[in-house]
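**Q** final.cif is reproduced in full below (mmCIF, C-alpha atoms).
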data_target
#
loop_
_atom_site.label_atom_id
_atom_site.label_comp_id
_atom_site.auth_asym_id
_atom_site.auth_seq_id
_atom_site.Cartn_x
_atom_site.Cartn_y
_atom_site.Cartn_z
CA MET L 3 -37.57 -27.86 -38.72
CA VAL L 4 -34.15 -29.01 -37.68
CA ASN L 5 -34.06 -31.73 -35.08
CA GLN L 6 -33.26 -30.15 -31.74
CA SER L 7 -30.51 -32.62 -30.81
CA SER L 8 -28.70 -32.07 -34.13
CA ILE L 9 -28.03 -28.32 -33.62
CA SER L 10 -24.31 -27.73 -33.58
CA VAL L 11 -22.35 -24.50 -33.08
CA GLU L 12 -20.30 -25.35 -36.19
CA ASP L 13 -23.39 -25.55 -38.43
CA ILE L 14 -24.78 -22.29 -37.07
CA THR L 15 -21.42 -20.55 -37.45
CA GLN L 16 -21.21 -21.63 -41.07
CA ILE L 17 -24.59 -20.06 -41.87
CA VAL L 18 -24.26 -16.90 -39.78
CA ALA L 19 -20.65 -16.15 -40.76
CA GLN L 20 -21.78 -15.67 -44.40
CA VAL L 21 -24.16 -12.77 -43.59
CA PRO L 22 -22.80 -9.66 -45.34
CA ASP L 23 -22.46 -6.17 -43.89
CA PRO L 24 -25.15 -4.18 -45.79
CA GLU L 25 -22.95 -1.06 -45.96
CA VAL L 26 -19.75 -2.80 -47.09
CA PRO L 27 -21.22 -5.86 -48.82
CA VAL L 28 -17.85 -7.46 -49.69
CA LEU L 29 -17.34 -8.12 -45.98
CA THR L 30 -19.18 -10.70 -43.95
CA ILE L 31 -19.94 -10.09 -40.29
CA GLU L 32 -17.23 -12.62 -39.50
CA ASP L 33 -14.63 -10.68 -41.56
CA LEU L 34 -15.61 -7.52 -39.67
CA GLY L 35 -15.26 -9.19 -36.30
CA ILE L 36 -18.72 -8.26 -35.09
CA LEU L 37 -19.85 -11.89 -34.68
CA ARG L 38 -18.92 -12.52 -31.04
CA GLY L 39 -20.46 -15.84 -30.13
CA ILE L 40 -23.12 -18.50 -30.55
CA ASN L 41 -25.04 -20.19 -27.74
CA ILE L 42 -27.39 -23.11 -28.06
CA ILE L 43 -29.86 -23.62 -25.25
CA GLY L 44 -32.25 -26.47 -26.00
CA ASP L 45 -33.72 -25.63 -29.39
CA GLU L 46 -32.95 -21.92 -29.08
CA VAL L 47 -30.07 -20.45 -31.04
CA GLU L 48 -28.58 -17.25 -29.64
CA VAL L 49 -26.25 -15.24 -31.87
CA ILE L 50 -24.19 -12.56 -30.14
CA ILE L 51 -23.03 -9.54 -32.12
CA THR L 52 -21.43 -6.21 -31.23
CA PRO L 53 -21.88 -2.87 -33.03
CA THR L 54 -18.96 -1.23 -34.80
CA TYR L 55 -20.08 2.32 -33.88
CA SER L 56 -22.80 3.22 -31.32
CA GLY L 57 -24.97 4.77 -34.02
CA CYS L 58 -24.32 2.25 -36.79
CA PRO L 59 -27.66 2.02 -38.63
CA ALA L 60 -26.67 -1.32 -40.19
CA MET L 61 -27.03 -3.21 -36.90
CA ASP L 62 -30.81 -3.64 -37.07
CA MET L 63 -30.54 -4.94 -40.63
CA ILE L 64 -27.67 -7.28 -39.75
CA SER L 65 -29.70 -8.63 -36.88
CA MET L 66 -32.68 -9.23 -39.19
CA ASN L 67 -30.49 -10.88 -41.85
CA ILE L 68 -28.99 -13.27 -39.28
CA ARG L 69 -32.49 -14.27 -38.26
CA LEU L 70 -33.58 -14.76 -41.88
CA ALA L 71 -30.50 -16.81 -42.77
CA LEU L 72 -31.15 -19.16 -39.86
CA ILE L 73 -34.87 -19.44 -40.53
CA GLU L 74 -34.15 -20.32 -44.19
CA ASN L 75 -31.99 -23.16 -42.91
CA GLY L 76 -34.70 -24.49 -40.65
CA TYR L 77 -33.80 -22.92 -37.33
CA LYS L 78 -36.98 -21.30 -36.02
CA ASN L 79 -36.11 -20.32 -32.47
CA VAL L 80 -33.53 -17.57 -32.99
CA LYS L 81 -32.45 -14.78 -30.68
CA VAL L 82 -29.93 -12.09 -31.69
CA THR L 83 -28.27 -10.32 -28.77
CA SER L 84 -26.20 -7.17 -29.10
CA VAL L 85 -23.44 -6.65 -26.53
CA LEU L 86 -21.30 -3.53 -26.06
CA SER L 87 -18.45 -4.96 -24.04
CA PRO L 88 -15.70 -5.55 -24.95
CA ALA L 89 -15.95 -2.66 -27.41
CA TRP L 90 -15.42 -3.55 -31.08
CA THR L 91 -12.05 -2.72 -32.58
CA THR L 92 -10.66 -2.91 -36.12
CA ASP L 93 -8.06 -5.33 -34.64
CA TRP L 94 -10.80 -7.95 -34.94
CA MET L 95 -11.02 -7.60 -38.71
CA SER L 96 -9.66 -10.70 -40.43
CA GLU L 97 -6.72 -10.63 -42.87
CA ALA L 98 -9.01 -12.01 -45.56
CA GLY L 99 -11.41 -9.17 -44.80
CA LYS L 100 -8.66 -6.57 -45.26
CA GLN L 101 -7.71 -8.06 -48.62
CA LYS L 102 -11.35 -8.07 -49.76
CA LEU L 103 -11.74 -4.42 -48.72
CA LYS L 104 -8.70 -3.39 -50.71
CA ALA L 105 -9.86 -5.25 -53.80
CA TYR L 106 -13.22 -3.48 -53.43
CA GLY L 107 -11.52 -0.06 -53.46
CA ILE L 108 -11.53 0.73 -49.74
CA ALA L 109 -8.15 1.09 -48.02
CA PRO L 110 -8.03 -1.26 -44.98
CA PRO L 111 -7.16 0.05 -41.47
CA GLN L 112 -3.45 0.76 -40.88
CA TYR L 113 -1.86 0.70 -37.46
CA ASP L 114 0.45 3.33 -36.15
CA SER L 115 -0.26 4.49 -32.64
CA ASN L 116 2.10 7.49 -32.78
CA LYS L 117 1.34 9.30 -35.99
CA GLU L 118 -1.13 9.62 -38.83
CA PRO L 119 -1.10 6.35 -40.78
CA VAL L 120 0.37 6.10 -44.28
CA VAL L 121 -2.66 5.02 -46.27
CA GLU L 122 -1.99 3.29 -49.56
CA CYS L 123 -4.20 4.14 -52.55
CA PRO L 124 -6.28 1.02 -53.31
CA GLN L 125 -6.29 1.95 -57.04
CA CYS L 126 -2.60 2.59 -57.86
CA GLN L 127 -0.88 1.46 -54.61
CA SER L 128 0.85 4.85 -54.18
CA SER L 129 1.68 5.89 -50.60
CA ASN L 130 1.48 9.53 -51.63
CA THR L 131 -2.06 10.18 -50.38
CA LYS L 132 -3.78 12.83 -48.30
CA LEU L 133 -6.60 12.91 -45.76
CA LEU L 134 -9.60 14.91 -46.98
CA SER L 135 -11.86 14.30 -43.99
CA GLN L 136 -11.85 12.13 -40.85
CA PHE L 137 -15.51 11.43 -41.56
CA GLY L 138 -16.70 9.61 -44.67
CA SER L 139 -19.77 8.08 -46.24
CA THR L 140 -20.35 5.80 -43.23
CA ALA L 141 -19.33 6.09 -39.55
CA CYS L 142 -16.44 3.63 -40.00
CA LYS L 143 -14.69 5.39 -42.89
CA ALA L 144 -12.53 8.48 -43.57
CA LEU L 145 -12.13 10.17 -46.93
CA TYR L 146 -8.73 10.21 -48.66
CA GLN L 147 -7.36 11.26 -52.03
CA CYS L 148 -4.39 9.89 -53.97
CA ASN L 149 -1.88 12.62 -54.94
CA ASP L 150 -0.62 10.51 -57.84
CA CYS L 151 -3.67 9.08 -59.60
CA LYS L 152 -5.93 11.82 -58.09
CA GLU L 153 -8.61 9.28 -57.26
CA PRO L 154 -10.56 9.98 -54.05
CA PHE L 155 -11.14 6.84 -51.95
CA ASP L 156 -12.57 5.58 -48.66
CA TYR L 157 -10.30 4.50 -45.81
CA PHE L 158 -11.66 2.13 -43.15
CA LYS L 159 -10.35 3.98 -40.11
CA CYS L 160 -8.75 2.43 -37.03
CA HIS L 161 -11.03 2.10 -34.08
CA MET Z 119 -44.41 -10.87 3.63
CA SER Z 120 -46.37 -12.51 0.82
CA ASN Z 121 -44.63 -14.27 -2.04
CA ASN Z 122 -45.76 -11.59 -4.36
CA GLU Z 123 -44.13 -8.83 -2.36
CA SER Z 124 -40.83 -10.63 -1.99
CA THR Z 125 -40.27 -10.71 -5.74
CA ILE Z 126 -40.54 -6.95 -6.03
CA GLN Z 127 -37.26 -5.17 -5.63
CA PRO Z 128 -37.32 -2.47 -2.98
CA ILE Z 129 -37.46 1.05 -4.29
CA ASN Z 130 -34.67 3.13 -2.88
CA SER Z 131 -33.25 6.53 -3.55
CA SER Z 132 -30.19 5.09 -5.31
CA GLY Z 133 -32.47 3.41 -7.88
CA ILE Z 134 -34.14 6.71 -8.77
CA GLN Z 135 -30.85 8.54 -8.75
CA LEU Z 136 -29.26 6.07 -11.15
CA LEU Z 137 -32.30 6.27 -13.43
CA ASN Z 138 -32.19 10.07 -13.46
CA TYR Z 139 -28.47 10.07 -14.08
CA VAL Z 140 -28.83 7.71 -17.05
CA LEU Z 141 -31.69 9.82 -18.42
CA CYS Z 142 -29.58 12.98 -18.09
CA LEU Z 143 -26.81 11.33 -20.16
CA ALA Z 144 -29.33 10.05 -22.71
CA ASP Z 145 -31.16 13.39 -23.08
CA THR Z 146 -27.95 15.39 -23.43
CA ASN Z 147 -26.68 13.16 -26.25
CA LEU Z 148 -30.06 13.07 -27.99
CA ILE Z 149 -30.61 16.83 -27.96
CA LEU Z 150 -27.13 17.62 -29.31
CA ALA Z 151 -27.59 14.88 -31.94
CA GLN Z 152 -30.85 16.57 -32.95
CA ARG Z 153 -29.22 20.01 -33.14
CA ASN Z 154 -26.26 18.72 -35.19
CA ALA Z 155 -28.63 16.87 -37.50
CA GLU Z 156 -30.11 20.25 -38.46
CA CYS Z 157 -26.84 20.81 -40.35
CA CYS Z 158 -27.69 17.93 -42.69
CA ALA Z 159 -27.51 19.40 -46.22
CA HIS Z 160 -26.63 22.82 -44.70
CA GLY Z 161 -22.93 22.27 -43.89
CA PRO Z 162 -20.45 24.80 -45.34
CA ILE Z 163 -18.98 22.20 -47.71
CA LEU Z 164 -19.89 18.59 -48.44
CA GLU Z 165 -17.08 16.98 -46.37
CA GLN Z 166 -17.94 19.02 -43.28
CA ASP Z 167 -21.64 18.42 -43.74
CA ILE Z 168 -20.83 14.71 -43.64
CA ALA Z 169 -18.56 15.19 -40.60
CA ILE Z 170 -21.10 17.00 -38.42
CA THR Z 171 -23.87 14.56 -39.32
CA ASN Z 172 -21.55 11.60 -38.59
CA ILE Z 173 -20.97 13.12 -35.16
CA SER Z 174 -24.73 13.53 -34.81
CA LEU Z 175 -25.20 9.84 -35.60
CA ASP Z 176 -22.58 8.79 -33.03
CA LEU Z 177 -24.27 10.93 -30.35
CA LEU Z 178 -27.66 9.50 -31.28
CA GLY Z 179 -26.22 5.98 -30.93
CA GLN Z 180 -24.74 6.80 -27.53
CA GLY Z 181 -28.04 8.36 -26.46
CA ARG Z 182 -29.90 5.22 -27.58
CA ASN Z 183 -27.60 3.03 -25.51
CA PHE Z 184 -28.35 5.14 -22.42
CA TYR Z 185 -32.12 5.14 -23.12
CA GLN Z 186 -32.10 1.36 -23.59
CA TYR Z 187 -30.36 1.02 -20.24
CA ALA Z 188 -32.91 3.35 -18.59
CA ALA Z 189 -35.75 1.31 -20.13
CA THR Z 190 -34.24 -1.91 -18.76
CA LEU Z 191 -33.96 -0.40 -15.27
CA LEU Z 192 -37.61 0.65 -15.44
CA ASN Z 193 -39.01 -2.59 -16.80
CA GLU Z 194 -37.08 -4.67 -14.28
CA ASN Z 195 -38.40 -2.70 -11.33
CA PRO Z 196 -42.17 -2.03 -11.26
CA GLU Z 197 -41.79 0.27 -8.26
CA LEU Z 198 -39.33 2.44 -10.12
CA LYS Z 199 -41.65 2.44 -13.13
CA LYS Z 200 -44.43 3.77 -10.91
CA GLU Z 201 -42.20 6.69 -10.00
CA ILE Z 202 -42.07 7.96 -13.57
CA GLU Z 203 -45.55 6.98 -14.75
CA HIS Z 204 -46.79 10.53 -14.30
CA VAL Z 205 -44.39 11.81 -16.97
CA LEU Z 206 -45.82 9.49 -19.64
CA PRO Z 207 -49.14 10.05 -21.46
CA ALA Z 208 -52.14 9.01 -19.34
CA ASP Z 209 -53.17 6.25 -21.76
CA PHE Z 210 -49.67 4.76 -21.98
CA GLU Z 211 -49.43 1.08 -21.17
CA GLY Z 212 -47.01 -1.74 -21.79
CA THR Z 213 -43.26 -2.02 -21.89
CA ILE Z 214 -41.15 1.12 -21.79
CA THR Z 215 -38.67 1.34 -24.67
CA GLU Z 216 -36.00 3.82 -25.75
CA ASP Z 217 -38.65 5.42 -27.97
CA THR Z 218 -41.08 5.93 -25.08
CA LEU Z 219 -38.42 7.88 -23.21
CA ALA Z 220 -37.28 9.96 -26.18
CA TYR Z 221 -40.64 10.74 -27.76
CA LEU Z 222 -43.24 10.77 -25.01
CA ARG Z 223 -41.68 12.81 -22.20
CA ASN Z 224 -42.31 16.53 -21.80
CA GLU Z 225 -39.89 19.43 -21.67
CA ARG Z 226 -39.77 19.61 -17.87
CA ASP Z 227 -38.80 15.92 -17.71
CA PHE Z 228 -35.80 16.30 -20.02
CA LYS Z 229 -32.52 16.62 -18.10
CA ASN Z 230 -30.15 17.63 -20.89
CA LEU Z 231 -27.44 20.26 -20.43
CA LEU Z 232 -28.63 23.69 -21.59
CA ILE Z 233 -25.65 24.15 -23.93
CA THR Z 234 -26.91 21.31 -26.14
CA GLU Z 235 -30.29 22.95 -26.82
CA LEU Z 236 -28.96 26.35 -27.91
CA PRO Z 237 -29.39 27.10 -31.62
CA ASN Z 238 -26.47 26.14 -33.87
CA GLY Z 239 -25.72 29.75 -34.83
CA ASP Z 240 -23.03 30.04 -37.49
CA TRP Z 241 -20.43 27.35 -38.21
CA GLY Z 242 -18.07 28.87 -35.62
CA GLN Z 243 -20.65 28.49 -32.87
CA THR Z 244 -21.57 24.97 -34.04
CA VAL Z 245 -17.96 23.73 -33.87
CA LEU Z 246 -17.12 25.57 -30.64
CA ARG Z 247 -20.09 24.00 -28.86
CA GLN Z 248 -19.06 20.58 -30.19
CA PHE Z 249 -15.50 21.20 -28.94
CA PHE Z 250 -16.67 22.17 -25.41
CA TYR Z 251 -18.94 19.14 -25.27
CA SER Z 252 -16.48 16.62 -26.76
CA ALA Z 253 -13.73 17.72 -24.35
CA TYR Z 254 -16.19 17.25 -21.47
CA GLN Z 255 -17.40 13.88 -22.79
CA TYR Z 256 -13.86 12.62 -23.19
CA SER Z 257 -12.97 13.20 -19.52
CA LEU Z 258 -16.38 11.96 -18.37
CA TYR Z 259 -16.18 8.68 -20.30
CA GLU Z 260 -12.59 8.16 -19.15
CA GLN Z 261 -13.93 7.96 -15.60
CA MET Z 262 -17.19 6.25 -16.44
CA GLN Z 263 -15.50 3.25 -18.06
CA GLN Z 264 -14.01 2.46 -14.61
CA LEU Z 265 -17.39 2.39 -12.83
CA GLU Z 266 -18.70 -0.74 -11.13
CA ASP Z 267 -21.98 -0.33 -13.01
CA ALA Z 268 -21.14 -2.68 -15.89
CA GLN Z 269 -23.58 -1.16 -18.38
CA LEU Z 270 -22.44 2.44 -17.86
CA ALA Z 271 -18.82 1.26 -18.07
CA ALA Z 272 -19.52 -0.61 -21.34
CA ILE Z 273 -21.29 2.36 -22.96
CA ALA Z 274 -18.45 4.68 -21.91
CA ALA Z 275 -15.71 2.35 -23.21
CA LYS Z 276 -17.55 2.06 -26.52
CA SER Z 277 -18.32 5.79 -26.85
CA ILE Z 278 -14.92 7.20 -25.92
CA LYS Z 279 -13.43 5.80 -29.13
CA GLU Z 280 -15.93 7.86 -31.11
CA VAL Z 281 -15.38 10.96 -28.99
CA ILE Z 282 -11.64 10.91 -29.75
CA TYR Z 283 -12.50 11.65 -33.39
CA HIS Z 284 -15.07 14.33 -32.45
CA LEU Z 285 -12.59 16.07 -30.17
CA LYS Z 286 -9.81 16.05 -32.76
CA TRP Z 287 -12.11 17.35 -35.50
CA SER Z 288 -13.70 20.11 -33.40
CA SER Z 289 -10.33 21.24 -31.93
CA GLU Z 290 -8.93 21.59 -35.44
CA TRP Z 291 -11.90 23.75 -36.49
CA VAL Z 292 -11.64 26.01 -33.44
CA ILE Z 293 -7.94 26.55 -34.20
CA ARG Z 294 -8.53 27.08 -37.94
CA LEU Z 295 -11.23 29.69 -37.40
CA GLY Z 296 -9.73 31.39 -34.33
CA ASP Z 297 -6.34 31.75 -36.01
CA GLY Z 298 -7.87 32.39 -39.43
CA THR Z 299 -9.05 35.63 -41.02
CA ALA Z 300 -10.24 38.77 -39.21
CA GLU Z 301 -13.80 37.74 -40.04
CA SER Z 302 -13.44 34.16 -38.77
CA GLN Z 303 -11.77 35.35 -35.57
CA GLN Z 304 -14.57 37.87 -34.97
CA ARG Z 305 -17.10 35.08 -35.33
CA MET Z 306 -15.23 32.85 -32.89
CA LEU Z 307 -15.11 35.68 -30.35
CA HIS Z 308 -18.85 36.06 -30.72
CA ALA Z 309 -19.35 32.28 -30.34
CA LEU Z 310 -17.18 32.26 -27.21
CA ASP Z 311 -19.21 35.12 -25.79
CA THR Z 312 -22.50 33.33 -26.51
CA LEU Z 313 -21.53 29.88 -25.24
CA TRP Z 314 -19.18 30.44 -22.33
CA SER Z 315 -21.86 31.14 -19.71
CA TYR Z 316 -23.42 27.75 -20.50
CA THR Z 317 -20.27 25.75 -19.69
CA GLY Z 318 -20.53 26.10 -15.90
CA GLU Z 319 -23.51 23.76 -15.76
CA LEU Z 320 -21.36 20.83 -16.94
CA PHE Z 321 -19.68 20.79 -13.54
CA ILE Z 322 -22.50 21.75 -11.16
CA PRO Z 323 -23.65 18.38 -9.77
CA ALA Z 324 -27.37 17.61 -9.71
CA THR Z 325 -28.70 15.53 -6.79
CA PHE Z 326 -28.62 12.41 -8.96
CA GLU Z 327 -24.97 13.01 -9.83
CA THR Z 328 -23.61 13.22 -6.29
CA ASN Z 329 -23.47 9.43 -5.82
CA ALA Z 330 -22.78 8.48 -9.43
CA GLY Z 331 -19.11 7.74 -8.73
CA ILE Z 332 -17.95 10.50 -11.07
CA ASP Z 333 -15.48 13.10 -9.83
CA LEU Z 334 -16.74 16.32 -11.47
CA PRO Z 335 -14.02 18.63 -10.06
CA SER Z 336 -11.37 16.40 -11.62
CA ILE Z 337 -13.24 16.41 -14.97
CA LYS Z 338 -13.42 20.18 -14.72
CA SER Z 339 -9.68 20.54 -14.28
CA THR Z 340 -8.85 18.22 -17.22
CA TRP Z 341 -11.46 20.02 -19.33
CA THR Z 342 -10.12 23.47 -18.42
CA GLU Z 343 -6.57 22.44 -19.42
CA LYS Z 344 -7.80 21.19 -22.79
CA ILE Z 345 -9.81 24.36 -23.42
CA LYS Z 346 -6.80 26.48 -22.47
CA ASP Z 347 -4.48 24.61 -24.88
CA VAL Z 348 -6.83 24.81 -27.84
CA LEU Z 349 -7.99 28.41 -27.33
CA THR Z 350 -4.36 29.50 -26.91
CA GLU Z 351 -3.37 27.78 -30.14
CA ALA Z 352 -6.41 29.39 -31.79
CA THR Z 353 -5.10 32.81 -30.58
CA LEU Z 354 -8.42 33.36 -28.80
CA PRO Z 355 -8.59 35.03 -25.37
CA LEU Z 356 -9.22 32.77 -22.35
CA PRO Z 357 -12.59 33.56 -20.76
CA PHE Z 358 -11.23 32.48 -17.36
CA GLY Z 359 -8.12 33.16 -15.29
CA GLU Z 360 -6.89 35.11 -12.30
CA ASP Z 361 -7.37 38.48 -13.98
CA LYS Z 362 -10.99 37.68 -14.90
CA LYS Z 363 -13.90 38.02 -12.54
CA GLU Z 364 -16.24 35.02 -12.17
CA THR Z 365 -18.78 34.97 -14.98
CA PHE Z 366 -22.43 34.27 -14.33
CA MET Z 367 -23.24 30.70 -15.35
CA HIS Z 368 -26.65 29.45 -16.51
CA SER Z 369 -27.92 26.22 -15.02
CA GLY Z 370 -31.16 24.28 -14.59
CA GLY Z 371 -31.16 21.88 -17.55
CA LYS Z 372 -30.43 18.88 -15.33
CA GLN Z 373 -33.49 19.84 -13.26
CA GLY Z 374 -35.73 20.28 -16.32
CA MET Z 375 -35.63 24.11 -16.34
CA HIS Z 376 -34.87 24.83 -19.98
CA THR Z 377 -34.29 27.78 -22.29
CA GLU Z 378 -37.01 29.01 -24.61
CA TYR Z 379 -35.44 26.96 -27.43
CA MET Z 380 -36.20 23.56 -25.92
CA GLY Z 381 -39.92 23.42 -26.63
CA PHE Z 382 -39.34 24.01 -30.33
CA ILE Z 383 -36.83 21.15 -30.54
CA LEU Z 384 -39.26 18.73 -28.91
CA ALA Z 385 -42.16 19.98 -31.03
CA GLU Z 386 -40.23 19.06 -34.16
CA MET Z 387 -38.65 15.86 -32.83
CA GLN Z 388 -41.76 14.40 -31.18
CA SER Z 389 -44.55 15.56 -33.47
CA LEU Z 390 -44.77 12.33 -35.46
CA GLN Z 391 -45.03 10.03 -32.44
CA ARG Z 392 -47.42 12.43 -30.71
CA THR Z 393 -49.70 12.65 -33.75
CA TYR Z 394 -49.55 8.98 -34.75
CA PRO Z 395 -48.74 7.08 -31.52
CA GLY Z 396 -46.69 3.95 -32.21
CA ALA Z 397 -46.14 4.78 -35.89
CA THR Z 398 -43.35 2.78 -37.53
CA TRP Z 399 -41.94 2.58 -41.01
#
Turn the structure described in the file into structure tokens.
**A**
Amino acid sequence: MVNQSSISVEDITQIVAQVPDPEVPVLTIEDLGILRGINIIGDEVEVIITPTYSGCPAMDMISMNIRLALIENGYKNVKVTSVLSPAWTTDWMSEAGKQKLKAYGIAPPQYDSNKEPVVECPQCQSSNTKLLSQFGSTACKALYQCNDCKEPFDYFKCH
Amino acid sequence: MSNNESTIQPINSSGIQLLNYVLCLADTNLILAQRNAECCAHGPILEQDIAITNISLDLLGQGRNFYQYAATLLNENPELKKEIEHVLPADFEGTITEDTLAYLRNERDFKNLLITELPNGDWGQTVLRQFFYSAYQYSLYEQMQQLEDAQLAAIAAKSIKEVIYHLKWSSEWVIRLGDGTAESQQRMLHALDTLWSYTGELFIPATFETNAGIDLPSIKSTWTEKIKDVLTEATLPLPFGEDKKETFMHSGGKQGMHTEYMGFILAEMQSLQRTYPGATW
């Protein structure tokens, strides 16, 4: 058991920030921007997270993994709170996270408020790609195909 | 007044109205999620199978958020809880959760819009229903995110981002099939004929909606414009207009008066929790 007076937000952040997203395991919850805050009240540690999509089935698992990670490190009194507001956006994804996604074979979110984004193929870097479906293997992704190397790939869509 | 009494929040009509309003939103999302989920492994092609089930999952998530809010309202106010005890099984005790509300209420207690419980029909009918509902949800959430009720506002602000994708996808399908082959157009005409008389209910306010802070006539006018734009682009006839006489519109879902399809949905959806109360996996 960790001594109550020694609990620091920095220590907790270090442990919790490493918890991976079970659906896109190259990303941590910090990379994704769903880790929203940490409160310490006495010996209780409260971790605040926000869902990416309302129906994201990974949230329950993420919440359990946060709890397990903290328990493994000696923090017994853990509470995970899910908040909806402000609503999660892909703007909160870190630069490092976007690079990791690309290396993993998933095109990171592209911003263009006026028109369909130009999505670069994560395999051959060609910009000559086409949208196959707005909905992909998980709620947060769309399905694309590269016109040059022909490889189909996931695109982490803007939200 | 004793100490005990002073800690109990007074029960007032606005408390019950808010609860019923939240349940109506929750039920409507859950029932359409359940209907769309029937398409799982039955979509016309793999990508569209994935699309309709993704939409189902989003609606289920939105429904869960509303049920969780309803459960909080109930657990925080014992007087309010008393008001709905009669709809739960006689031996029910303990804390009300989202699952209690979804799995242990009867048909007459569900307040979902009738259009959501209709069978999926063919793909044309499935996507046209989704289009009508997404266009309605978009305007509804636009207003709801401005409400003073922080939880409703938060759910709406979260959900509208998902609905933008649903609306775009379903509009594209209505246009593709309406302005497609003779066969696809015939099917869309049939879908329009089947579904249109269930769209009126969206805008007929139930008692619990009158003080919800939502302006239904304004939602109706935005919705009608959107429907007009998309049906026109799909080369489908408008079912409304000055040259058309008022169509009969079905209603009653918000009051628990459902179509003959509803009981079958609940029988399938609730059978596990009814047979093995509290089962988890």
**Q** Just the residues within 7 Å of segment 93-108 of chain L, please, counting all atoms listed in the file, with nothing from its chain fewer than 4 positions along; format it as a list of chain:residue names.
**A**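 In the requested form, the answer reads L:Val28, L:Leu29, L:Asp33, L:Leu34, L:Gly35, L:Pro124, L:Gln125, L:Phe155, L:Asp156, L:Tyr157, L:Phe158.
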**Q** Which residues of chain Z are close to chain L, meaning at most 9 Å apart when you count only C-alpha atoms, and how do they look as a list in words?
**A**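 Every residue of chain Z that passes the 9 Å test is in Glu165, Gln166, Ile168, Ala169, Ile170, Asn172, Ile173, Ser174, Leu175, Asp176, Leu177, Leu178, Gly179, Gln180, Gly181, Arg182, Asn183, Ala268, Gln269, Ala271, Ala272, Ile273, Ala275, Lys276, Ser277, Lys279, Glu280, Tyr283 and Trp287 of chain Z.
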**Q** Expand the PyMOL selection byres ((chain L and resi 42) around 10) into the explicit residue set it covers here, and present it as a compact mmCIF listing (two decimals) with C-alpha atoms, in the frame of the given file.
**A**
# COMPACT_ATOMS: atom_id res chain seq x y z
CA GLN L 6 -33.26 -30.15 -31.74
CA ILE L 9 -28.03 -28.32 -33.62
CA SER L 10 -24.31 -27.73 -33.58
CA VAL L 11 -22.35 -24.50 -33.08
CA ILE L 14 -24.78 -22.29 -37.07
CA ILE L 40 -23.12 -18.50 -30.55
CA ASN L 41 -25.04 -20.19 -27.74
CA ILE L 43 -29.86 -23.62 -25.25
CA GLY L 44 -32.25 -26.47 -26.00
CA ASP L 45 -33.72 -25.63 -29.39
CA GLU L 46 -32.95 -21.92 -29.08
CA VAL L 47 -30.07 -20.45 -31.04
CA GLU L 48 -28.58 -17.25 -29.64
CA VAL L 49 -26.25 -15.24 -31.87
CA VAL L 80 -33.53 -17.57 -32.99
**Q** Which residues are near Thr317 of chain Z? Cut-off 9 Å, all atoms listed in the file, ignore same chain within fewer than 3 positions. Put them as a PyMOL selection string.
**A** chain Z and resi 232-233+250-251+313-314+320-321+367-369
**Q** Would you put the residues from that selection into a file with C-alpha atoms, as a PDB file, in the coordinates of the input?
**A**
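That gives us part03.pdb:
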ATOM      1  CA  LEU Z 232     -28.630  23.690 -21.590  1.00  0.00           C
ATOM      2  CA  ILE Z 233     -25.650  24.150 -23.930  1.00  0.00           C
ATOM      3  CA  PHE Z 250     -16.670  22.170 -25.410  1.00  0.00           C
ATOM      4  CA  TYR Z 251     -18.940  19.140 -25.270  1.00  0.00           C
ATOM      5  CA  LEU Z 313     -21.530  29.880 -25.240  1.00  0.00           C
ATOM      6  CA  TRP Z 314     -19.180  30.440 -22.330  1.00  0.00           C
ATOM      7  CA  LEU Z 320     -21.360  20.830 -16.940  1.00  0.00           C
ATOM      8  CA  PHE Z 321     -19.680  20.790 -13.540  1.00  0.00           C
ATOM      9  CA  MET Z 367     -23.240  30.700 -15.350  1.00  0.00           C
ATOM     10  CA  HIS Z 368     -26.650  29.450 -16.510  1.00  0.00           C
ATOM     11  CA  SER Z 369     -27.920  26.220 -15.020  1.00  0.00           C
TER      12      SER Z 369
END
**Q** Could you tell me which residues the PyMOL selection byres ((chain Z and resi 214) around 7) grabs in this file, written as a list in words?
**A**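 Here the PyMOL selection byres ((chain Z and resi 214) around 7) matches Ala189, Asn193, Gly212, Thr213, Thr215 and Thr218 of chain Z.
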**Q** Give me, please, the distance in Å between atom CA of Tyr394 of chain Z and atom CA of Asp227 of chain Z, quoted to one decimal.
**A** 21.3 Å
**Q** Have a look at atom CA of Leu390 of chain Z and atom CA of Leu222 of chain Z and let me know their distance in Å, one decimal.
**A**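 Calculated distance between atom CA of Leu390 of chain Z and atom CA of Leu222 of chain Z is 10.7 Å.
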**Q** Could you state the separation of atom CA of Leu191 of chain Z and atom CA of Arg69 of chain L in Å, given to one decimal place?
**A** 26.9 Å
**Q** Give me, as a list in words, all polymer residues having an atom no more than 10 Å from Ile282 of chain Z, counting only C-alpha atoms and skipping those fewer than 6 positions away in the same chain.
**A**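 Skipping anything fewer than 6 positions along the chain leaves His161 of chain L; Ser252, Ala253, Gln255 and Tyr256 of chain Z.
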**Q** Decode the PyMOL selection byres ((chain Z and resi 342) around 12) for the given file into explicit residues and return them as a count of residues only.
**A** 29
**Q** Which residues come within 12 Å of Gln388 of chain Z, counting only C-alpha atoms, excluding same-chain residues fewer than 2 positions away, as an NGL selection string?
**A** :Z and (149 or 152 or 217-225 or 380-386 or 390-397)
**Q** Counting all atoms listed in the file, which of L:Ala71, L:Thr83, L:Met63, L:Thr52 gets nearest to Val18 of chain L?
**A**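 When distances to Val18 of chain L are compared using all atoms listed in the file, the smallest one comes from L:Ala71.
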